[in-house]
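This report refers to the structure that appears directly beneath it.
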Amino acid sequence: MTTKHVLITGGAGFIGCNAARYFGQRNWQVTVLDNLSRAGTESNLAWLRDEAEFELARIDVRDTGAVDRVISEKKPDAVIHLAAQVAVTTSVTDPRMDFDVNALGTFNLLDAVRRHRPEAVFLFASTNKVYGKITGASSELRGNRYAYTNRPHGIPESEPLDFLSPYGCSKGAADQYVLDFARIYGIPAAAFRQSCIYGPRQFGIEDQGWVAWFAIATLLQKNITIYGDGKQVRDVLHVDDLVRAYEAAIRSPDEIRGQAFNIGGGTAQTLSLLELVDLLEQHFKRKIPLKFDQWRPGDQEVYVSDVRKLDKILGWKPQIDAKSGVGKLIEWVEANRDAF
Ligand SMILES: NC(=O)c1ccc[n+]([C@@H]2O[C@H](COP(=O)([O-])OP(=O)(O)OC[C@H]3O[C@@H](n4cnc5c(N)ncnc54)[C@H](O)[C@@H]3O)[C@@H](O)[C@H]2O)c1
């Protein structure tokens, strides 16, 4: 095993600080690259300082020169690229900023890796939004939750791409660049098309990070609005399981080069919105008042990732079940009331 130095962009964010701790505690040299634009990043860094050693590079991924310098100076063995504009709603109000951060920012990193460190494993946090509406999949209400009628294993990587929303376009463009830089330049790069990731240190807001948002809103007794009937189903993956998949990928550069992987809880770990509300009500021992509103454009009745490719290639499966994972998230939310 020769990989020693991992550079994590967006390393002060939710997934990033969990990844930085994971690798730091396993004696990797860790560089966290972040512009600290997201609320909660200072708190994440303060926590991370007690957990693991790392170096902070306060850099904006839109800054081509700074990105180029940090890659040429650090020459990391692996880059986990998480820095992003993450909210679909923000991408609609400010599509240029969204493009600059997500598409151009990813291009800046890839091009720096191509020139200074083409042997580095490059993992990109892509999104299930690259599949858009998934018009080929149909669903029906079964009891209290929607289910696919023709995708028994969930959505595979072979599903047609259909970028929807500026966020879908900017992440989708980046996803395609990542795969193409693997093809054209031989970089061991892969796109992880993530569905809903949840866990401690997720400063969820209504527009992004719904599992954490429901827990935070419940604790703070804020209103929760459900768009649709609440029976919509999502696969959910605990961040610790995701980070294990990143490590497995970094250890298998030849297997993952040029590959896209759908990653989420898969068919085994799913929750409907109302099922999450139930879990929270059981924990907090009170009824949560809900407001129901119209479905939003593009909302799906179901999204579940088919995670069998990751299992086949890397022997990876989710291990943390949704109920205990949500329990860990609630513990963190309760212990950090003042941070919200
Ligand atoms: N959390 C999920 O459920 C989920 C699902 C699919 C994809 N993703 C992707 O995973 C990645 C990480 O998501 P997260 O939930 O940890 O989000 P997050 O907002 O907690 O983390 C993103 C980090 O990127 C930093 N950042 C933003 N703009 C930057 C810029 N211009 N330059 C440098 N740093 C910048 C922020 O300060 C933040 O620390 C993102 O790329 C996101 O699109 C997340």
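If you're wondering about the labels, chains in the structure tokens are A, B, ... by order shown, residues count from 1 in each chain, ligands from 1 in order shown.
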**Request:** Find the spatial neighbours of Ala339 in chain A, counting only C-alpha atoms, within a cut-off of 10 Å - ignore same-chain residues fewer than 4 positions away - and output them as number ranges by chain.
**Result:** A: 39-40, 43, 203, 333, 335
**Message:** If we count only C-alpha atoms and set the cut-off at 7 Å, which residues sit around Arg145 in chain A, ignoring sequence neighbours fewer than 4 positions away in its own chain? Please answer as a ChimeraX atom specification.
**Reply:** /A:141,231-233,272
Could you save those same residues with C-alpha atoms as a short mmCIF file (atom, residue, chain, number, x, y, z; two decimals), in the first residue's frame?
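Dumped to result_36.cif:
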```
data_model
loop_
_atom_site.label_atom_id
_atom_site.label_comp_id
_atom_site.auth_asym_id
_atom_site.auth_seq_id
_atom_site.Cartn_x
_atom_site.Cartn_y
_atom_site.Cartn_z
CA LEU A 141 -48.07 3.27 -3.93
CA LYS A 231 -44.86 8.65 1.20
CA GLN A 232 -42.01 9.29 -1.22
CA VAL A 233 -39.07 6.95 -0.65
CA SER A 272 -40.04 7.48 3.34
#
```
If you take only C-alpha atoms and all ligand atoms and a cut-off of 8 Å, which residues of chain A touch ligand 1, and what are their nearest atom pairs and distances in Å to one decimal, in chain and number order, as CSV?
```
residue,atom,partner,partner_atom_place_in_ligand_line,distance
A:Thr9,CA,ligand 1,34 (N),6.3
A:Gly10,CA,ligand 1,24 (O),3.5
A:Gly11,CA,ligand 1,39 (O),5.9
A:Ala12,CA,ligand 1,39 (O),4.2
A:Gly13,CA,ligand 1,39 (O),3.2
A:Phe14,CA,ligand 1,16 (O),3.8
A:Ile15,CA,ligand 1,16 (O),3.8
A:Gly16,CA,ligand 1,16 (O),5.5
A:Cys17,CA,ligand 1,16 (O),7.9
A:Leu33,CA,ligand 1,33 (C),6.5
A:Asp34,CA,ligand 1,34 (N),3.8
A:Asn35,CA,ligand 1,33 (C),4.1
A:Leu36,CA,ligand 1,37 (O),3.8
A:Ser37,CA,ligand 1,37 (O),4.0
A:Arg38,CA,ligand 1,37 (O),4.0
A:Ala39,CA,ligand 1,37 (O),7.4
A:Gly40,CA,ligand 1,20 (O),8.0
A:Thr41,CA,ligand 1,39 (O),5.5
A:Arg58,CA,ligand 1,33 (C),7.6
A:Ile59,CA,ligand 1,33 (C),5.7
A:Asp60,CA,ligand 1,32 (N),3.4
A:Val61,CA,ligand 1,32 (N),4.1
A:Arg62,CA,ligand 1,31 (N),5.7
A:His81,CA,ligand 1,41 (O),6.9
A:Leu82,CA,ligand 1,11 (C),4.0
A:Ala83,CA,ligand 1,24 (O),3.4
A:Ala84,CA,ligand 1,27 (C),4.5
A:Gln85,CA,ligand 1,28 (N),5.3
A:Val86,CA,ligand 1,43 (O),4.7
A:Ala87,CA,ligand 1,43 (O),7.9
A:Asp100,CA,ligand 1,31 (N),7.9
A:Val101,CA,ligand 1,31 (N),4.9
A:Asn102,CA,ligand 1,41 (O),7.7
A:Gly105,CA,ligand 1,31 (N),7.0
A:Phe124,CA,ligand 1,41 (O),7.5
A:Ala125,CA,ligand 1,10 (O),4.7
A:Ser126,CA,ligand 1,7 (C),5.3
A:Thr127,CA,ligand 1,6 (C),4.3
A:Asn128,CA,ligand 1,6 (C),6.7
A:Lys129,CA,ligand 1,6 (C),8.0
A:Lys171,CA,ligand 1,43 (O),7.2
A:Arg193,CA,ligand 1,6 (C),6.8
A:Gln194,CA,ligand 1,6 (C),4.3
A:Ser195,CA,ligand 1,5 (C),4.9
A:Cys196,CA,ligand 1,3 (O),3.9
A:Ile197,CA,ligand 1,3 (O),3.7
A:Tyr198,CA,ligand 1,3 (O),6.1
A:Gln202,CA,ligand 1,20 (O),6.3
A:Phe203,CA,ligand 1,20 (O),6.9
A:Gln208,CA,ligand 1,3 (O),7.4
A:Gly209,CA,ligand 1,3 (O),5.7
```
Would you mind exporting N, CA and C atoms of the selected residues as a short mmCIF file (atom, residue, chain, number, x, y, z; two decimals), in the first residue's frame?
```
data_model
loop_
_atom_site.label_atom_id
_atom_site.label_comp_id
_atom_site.auth_asym_id
_atom_site.auth_seq_id
_atom_site.Cartn_x
_atom_site.Cartn_y
_atom_site.Cartn_z
N THR A 9 -11.11 18.11 -1.08
CA THR A 9 -11.72 19.42 -1.30
C THR A 9 -13.11 19.42 -0.65
N GLY A 10 -13.51 20.57 -0.14
CA GLY A 10 -14.76 20.60 0.63
C GLY A 10 -14.59 19.84 1.94
N GLY A 11 -13.34 19.75 2.38
CA GLY A 11 -13.00 18.94 3.57
C GLY A 11 -13.51 19.51 4.87
N ALA A 12 -14.01 20.76 4.84
CA ALA A 12 -14.59 21.32 6.07
C ALA A 12 -16.11 21.15 6.08
N GLY A 13 -16.66 20.55 5.02
CA GLY A 13 -18.10 20.32 4.96
C GLY A 13 -18.48 19.01 5.64
N PHE A 14 -19.72 18.64 5.45
CA PHE A 14 -20.26 17.45 6.13
C PHE A 14 -19.50 16.17 5.76
N ILE A 15 -19.54 15.80 4.50
CA ILE A 15 -18.88 14.55 4.11
C ILE A 15 -17.37 14.71 4.27
N GLY A 16 -16.88 15.91 3.91
CA GLY A 16 -15.43 16.15 3.91
C GLY A 16 -14.79 15.99 5.28
N CYS A 17 -15.42 16.54 6.32
CA CYS A 17 -14.75 16.44 7.63
C CYS A 17 -14.83 15.01 8.16
N LEU A 33 -8.92 21.11 1.65
CA LEU A 33 -9.02 22.32 0.82
C LEU A 33 -10.47 22.79 0.88
N ASP A 34 -10.66 24.05 1.30
CA ASP A 34 -12.03 24.55 1.44
C ASP A 34 -11.99 26.08 1.45
N ASN A 35 -13.04 26.71 0.95
CA ASN A 35 -13.09 28.18 1.07
C ASN A 35 -13.94 28.60 2.28
N LEU A 36 -14.40 27.63 3.03
CA LEU A 36 -15.18 27.85 4.26
C LEU A 36 -16.45 28.67 4.02
N SER A 37 -17.06 28.50 2.87
CA SER A 37 -18.24 29.31 2.55
C SER A 37 -19.51 28.75 3.19
N ARG A 38 -19.53 27.48 3.51
CA ARG A 38 -20.75 26.87 4.04
C ARG A 38 -20.88 27.12 5.54
N ALA A 39 -22.07 27.47 6.00
CA ALA A 39 -22.30 27.62 7.44
C ALA A 39 -21.98 26.29 8.12
N GLY A 40 -21.30 26.36 9.26
CA GLY A 40 -20.97 25.13 9.99
C GLY A 40 -19.54 24.66 9.75
N THR A 41 -18.85 25.26 8.77
CA THR A 41 -17.51 24.75 8.47
C THR A 41 -16.52 25.04 9.62
N ARG A 58 -6.85 27.09 2.60
CA ARG A 58 -8.08 27.87 2.38
C ARG A 58 -8.06 28.41 0.95
N ILE A 59 -8.67 27.68 0.08
CA ILE A 59 -8.60 27.96 -1.35
C ILE A 59 -10.00 27.81 -1.94
N ASP A 60 -10.29 28.64 -2.93
CA ASP A 60 -11.55 28.52 -3.66
C ASP A 60 -11.27 27.72 -4.94
N VAL A 61 -12.07 26.71 -5.21
CA VAL A 61 -11.79 25.87 -6.39
C VAL A 61 -11.94 26.64 -7.70
N ARG A 62 -12.58 27.82 -7.64
CA ARG A 62 -12.68 28.64 -8.86
C ARG A 62 -11.36 29.34 -9.19
N HIS A 81 -12.83 14.86 -4.32
CA HIS A 81 -13.33 16.19 -4.68
C HIS A 81 -14.80 16.34 -4.27
N LEU A 82 -14.99 17.05 -3.16
CA LEU A 82 -16.33 17.23 -2.59
C LEU A 82 -16.79 18.68 -2.64
N ALA A 83 -15.86 19.63 -2.78
CA ALA A 83 -16.24 21.05 -2.72
C ALA A 83 -17.27 21.33 -3.80
N ALA A 84 -18.35 21.99 -3.42
CA ALA A 84 -19.40 22.24 -4.40
C ALA A 84 -20.40 23.26 -3.89
N GLN A 85 -21.10 23.84 -4.83
CA GLN A 85 -22.36 24.51 -4.55
C GLN A 85 -23.37 23.37 -4.53
N VAL A 86 -24.06 23.18 -3.40
CA VAL A 86 -24.78 21.91 -3.21
C VAL A 86 -26.31 22.00 -3.31
N ALA A 87 -26.86 23.20 -3.39
CA ALA A 87 -28.33 23.29 -3.35
C ALA A 87 -28.92 23.54 -4.73
N ASP A 100 -19.66 27.97 -12.12
CA ASP A 100 -18.25 28.25 -11.84
C ASP A 100 -17.70 27.30 -10.77
N VAL A 101 -18.45 27.10 -9.71
CA VAL A 101 -17.94 26.26 -8.62
C VAL A 101 -17.94 24.78 -9.04
N ASN A 102 -19.07 24.33 -9.59
CA ASN A 102 -19.20 22.87 -9.80
C ASN A 102 -18.53 22.39 -11.09
N GLY A 105 -14.80 24.57 -11.34
CA GLY A 105 -13.98 24.17 -10.18
C GLY A 105 -13.46 22.76 -10.35
N PHE A 124 -14.73 11.78 -7.54
CA PHE A 124 -15.62 12.94 -7.63
C PHE A 124 -16.98 12.60 -7.01
N ALA A 125 -17.44 13.48 -6.11
CA ALA A 125 -18.76 13.30 -5.51
C ALA A 125 -19.81 13.83 -6.48
N SER A 126 -20.28 12.95 -7.34
CA SER A 126 -21.33 13.30 -8.28
C SER A 126 -22.68 13.07 -7.59
N THR A 127 -23.72 13.05 -8.36
CA THR A 127 -25.06 13.00 -7.75
C THR A 127 -26.03 12.18 -8.60
N ASN A 128 -27.03 11.62 -7.93
CA ASN A 128 -28.08 10.90 -8.67
C ASN A 128 -28.88 11.84 -9.56
N LYS A 129 -28.75 13.16 -9.32
CA LYS A 129 -29.49 14.13 -10.15
C LYS A 129 -29.07 14.05 -11.62
N LYS A 171 -23.08 19.60 -12.16
CA LYS A 171 -22.50 18.38 -11.60
C LYS A 171 -22.36 17.32 -12.70
N ARG A 193 -21.88 8.57 -7.96
CA ARG A 193 -23.19 9.26 -8.08
C ARG A 193 -23.99 9.00 -6.81
N GLN A 194 -23.84 9.92 -5.88
CA GLN A 194 -24.37 9.73 -4.53
C GLN A 194 -25.85 10.10 -4.47
N SER A 195 -26.60 9.32 -3.70
CA SER A 195 -27.99 9.73 -3.43
C SER A 195 -28.00 10.45 -2.09
N CYS A 196 -28.88 10.07 -1.19
CA CYS A 196 -28.96 10.85 0.06
C CYS A 196 -27.96 10.32 1.08
N ILE A 197 -27.00 11.16 1.45
CA ILE A 197 -26.01 10.81 2.47
C ILE A 197 -26.40 11.57 3.74
N TYR A 198 -26.31 10.91 4.88
CA TYR A 198 -26.68 11.58 6.13
C TYR A 198 -25.70 11.18 7.22
N GLN A 202 -23.70 17.16 9.72
CA GLN A 202 -24.44 17.63 8.54
C GLN A 202 -25.34 18.78 8.97
N PHE A 203 -24.97 19.97 8.55
CA PHE A 203 -25.78 21.14 8.90
C PHE A 203 -26.89 21.27 7.85
N GLN A 208 -31.38 21.28 1.40
CA GLN A 208 -30.32 20.28 1.17
C GLN A 208 -30.02 19.55 2.46
N GLY A 209 -29.98 18.23 2.38
CA GLY A 209 -29.69 17.44 3.58
C GLY A 209 -30.96 17.19 4.39
#
```
**Prompt:** Mind checking DSSP for range 120-290 of chain A and telling me the strand (DSSP E) residues as a ChimeraX atom specification?
**Reply:** /A:121-127,139-142,145-148,189-194,196-198,224-227,233-238,259-263,270-272,290
**Message:** Which of range 16-146 of chain A end up as helix (DSSP H, G or I) when DSSP is run on this backbone - answer as a PyMOL selection string?
**Reply:** chain A and resi 16-24+41-51+64-74+88-93+95-116+128-131
Please provide the set of residues having any atom within 10 Å of range 275-287 of chain A, restricted to only C-alpha atoms, with same-chain residues fewer than 2 positions apart removed, written as a CSV table (one decimal) with C-alpha atoms, in the first residue's frame.
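Full text of selection_27.csv as output:
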```
chain,number,residue,atom,x,y,z
A,144,ASN,CA,-47.7,3.7,2.9
A,145,ARG,CA,-44.7,4.1,0.5
A,210,TRP,CA,-33.3,16.5,4.4
A,211,VAL,CA,-32.6,13.8,7.0
A,214,PHE,CA,-35.8,17.0,9.8
A,215,ALA,CA,-33.8,16.2,13.0
A,218,THR,CA,-37.6,18.8,15.3
A,219,LEU,CA,-35.1,19.6,18.0
A,224,ILE,CA,-41.3,20.9,8.8
A,230,GLY,CA,-44.7,12.2,2.5
A,231,LYS,CA,-44.9,8.7,1.2
A,232,GLN,CA,-42.0,9.3,-1.2
A,233,VAL,CA,-39.1,7.0,-0.6
A,270,THR,CA,-34.6,3.3,2.5
A,271,LEU,CA,-36.9,5.7,4.3
A,272,SER,CA,-40.0,7.5,3.3
A,273,LEU,CA,-40.3,11.0,4.7
A,289,PRO,CA,-46.6,19.1,13.5
A,290,LEU,CA,-46.3,18.8,9.7
A,322,ALA,CA,-31.1,3.5,8.6
A,323,LYS,CA,-32.7,3.3,12.1
A,326,VAL,CA,-30.5,8.1,12.2
A,327,GLY,CA,-30.1,7.5,15.9
A,330,ILE,CA,-30.0,12.6,16.4
```
**Item:** Counting only C-alpha atoms, the residue of A:Asp180, A:Asp241, A:Asp111, A:Asp235 that sits nearest Ile155 in chain A
**Value:**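 With only C-alpha atoms as the atom set, the closest residue is A:Asp235.
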**Message:** Which residue is closest to Ser252 in chain A? Choose from A:Gly325, A:Gly315, A:Gly65, A:Gly199 and count only C-alpha atoms.
**Reply:** A:Gly315
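The closest residue to Thr106 in chain A, picked from A:Asp68, A:Glu73, A:Glu247, A:Asp94 and counting only C-alpha atoms, is A:Asp68.
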**Asked** Given the choices A:Asp321, A:Asp175, A:Asp338, A:Glu51, which gets closest to Arg21 in chain A if the distance is worked out from only C-alpha atoms?
**Response** A:Glu51
Applying 10 Å and only C-alpha atoms, which residues near Leu104 in chain A remain after dropping the ones on its own chain fewer than 6 positions away? List them as a compact mmCIF listing (two decimals) with N, CA and C atoms, in the first residue's frame.
```
# COMPACT_ATOMS: atom_id res chain seq x y z
N VAL A 61 -12.07 26.71 -5.21
CA VAL A 61 -11.79 25.87 -6.39
C VAL A 61 -11.94 26.64 -7.70
N ARG A 62 -12.58 27.82 -7.64
CA ARG A 62 -12.68 28.64 -8.86
C ARG A 62 -11.36 29.34 -9.19
N ASP A 63 -10.44 29.36 -8.22
CA ASP A 63 -9.16 30.06 -8.39
C ASP A 63 -8.16 29.10 -9.07
N THR A 64 -8.10 29.20 -10.40
CA THR A 64 -7.30 28.25 -11.19
C THR A 64 -5.85 28.19 -10.71
N MET A 97 -22.81 31.21 -10.75
CA MET A 97 -21.97 30.81 -9.61
C MET A 97 -21.94 29.28 -9.50
N ASP A 98 -23.11 28.67 -9.67
CA ASP A 98 -23.20 27.21 -9.60
C ASP A 98 -22.30 26.56 -10.65
N LEU A 110 -9.14 18.81 -12.03
CA LEU A 110 -8.76 17.73 -12.94
C LEU A 110 -7.56 18.12 -13.79
N SER A 170 -24.41 21.31 -13.93
CA SER A 170 -23.01 21.60 -13.55
C SER A 170 -22.34 20.36 -12.97
N ALA A 173 -21.92 17.85 -15.93
CA ALA A 173 -20.78 18.20 -16.80
C ALA A 173 -19.48 17.77 -16.13
N ALA A 174 -19.38 18.05 -14.84
CA ALA A 174 -18.17 17.67 -14.10
C ALA A 174 -17.99 16.15 -14.11
```
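Excluding Pro297 in chain A itself and same-chain residues fewer than 3 positions from it, the residues having an atom within 12 Å of it are Val88, Thr89, Gly132, Lys133, Leu164, Ser165, Tyr227, Gly228, Gln294, Gln300 and Glu301 of chain A, counting only C-alpha atoms.
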Please write the residues from the selection above to a file, keeping N, CA and C atoms, as a PDB file, in the first residue's frame.
```pdb
ATOM      1  N   VAL A  88     -29.902  22.722  -5.119  1.00  0.00           N
ATOM      2  CA  VAL A  88     -30.582  22.908  -6.404  1.00  0.00           C
ATOM      3  C   VAL A  88     -31.214  24.302  -6.454  1.00  0.00           C
ATOM      4  N   THR A  89     -31.849  24.716  -5.358  1.00  0.00           N
ATOM      5  CA  THR A  89     -32.532  26.027  -5.324  1.00  0.00           C
ATOM      6  C   THR A  89     -31.547  27.169  -5.609  1.00  0.00           C
ATOM      7  N   GLY A 132     -31.819  12.776 -13.831  1.00  0.00           N
ATOM      8  CA  GLY A 132     -33.018  13.580 -14.051  1.00  0.00           C
ATOM      9  C   GLY A 132     -34.297  12.869 -13.649  1.00  0.00           C
ATOM     10  N   LYS A 133     -35.288  12.943 -14.504  1.00  0.00           N
ATOM     11  CA  LYS A 133     -36.620  12.423 -14.129  1.00  0.00           C
ATOM     12  C   LYS A 133     -36.715  10.908 -14.203  1.00  0.00           C
ATOM     13  N   LEU A 164     -30.989  17.805 -15.167  1.00  0.00           N
ATOM     14  CA  LEU A 164     -32.167  18.638 -14.891  1.00  0.00           C
ATOM     15  C   LEU A 164     -31.738  19.647 -13.836  1.00  0.00           C
ATOM     16  N   SER A 165     -32.081  20.902 -14.011  1.00  0.00           N
ATOM     17  CA  SER A 165     -31.715  22.016 -13.112  1.00  0.00           C
ATOM     18  C   SER A 165     -30.257  22.393 -13.368  1.00  0.00           C
ATOM     19  N   TYR A 227     -43.369  18.334   1.019  1.00  0.00           N
ATOM     20  CA  TYR A 227     -43.887  18.607  -0.325  1.00  0.00           C
ATOM     21  C   TYR A 227     -44.339  17.282  -0.921  1.00  0.00           C
ATOM     22  N   GLY A 228     -45.647  17.173  -1.197  1.00  0.00           N
ATOM     23  CA  GLY A 228     -46.203  15.885  -1.627  1.00  0.00           C
ATOM     24  C   GLY A 228     -46.890  15.234  -0.437  1.00  0.00           C
ATOM     25  N   GLN A 294     -47.724  21.351  -2.083  1.00  0.00           N
ATOM     26  CA  GLN A 294     -47.718  20.676  -3.391  1.00  0.00           C
ATOM     27  C   GLN A 294     -46.372  19.991  -3.658  1.00  0.00           C
ATOM     28  N   GLN A 300     -39.475  13.196  -7.217  1.00  0.00           N
ATOM     29  CA  GLN A 300     -39.762  11.807  -7.600  1.00  0.00           C
ATOM     30  C   GLN A 300     -40.471  11.073  -6.475  1.00  0.00           C
ATOM     31  N   GLU A 301     -41.346  10.127  -6.851  1.00  0.00           N
ATOM     32  CA  GLU A 301     -42.009   9.321  -5.816  1.00  0.00           C
ATOM     33  C   GLU A 301     -41.005   8.381  -5.151  1.00  0.00           C
TER      34      GLU A 301
END
```
**Prompt:** Which of these residues is nearest to Ser138 in chain A, using only C-alpha atoms: A:Gly266, A:Pro152, A:Gly24, A:Pro76?
**Reply:** A:Pro152
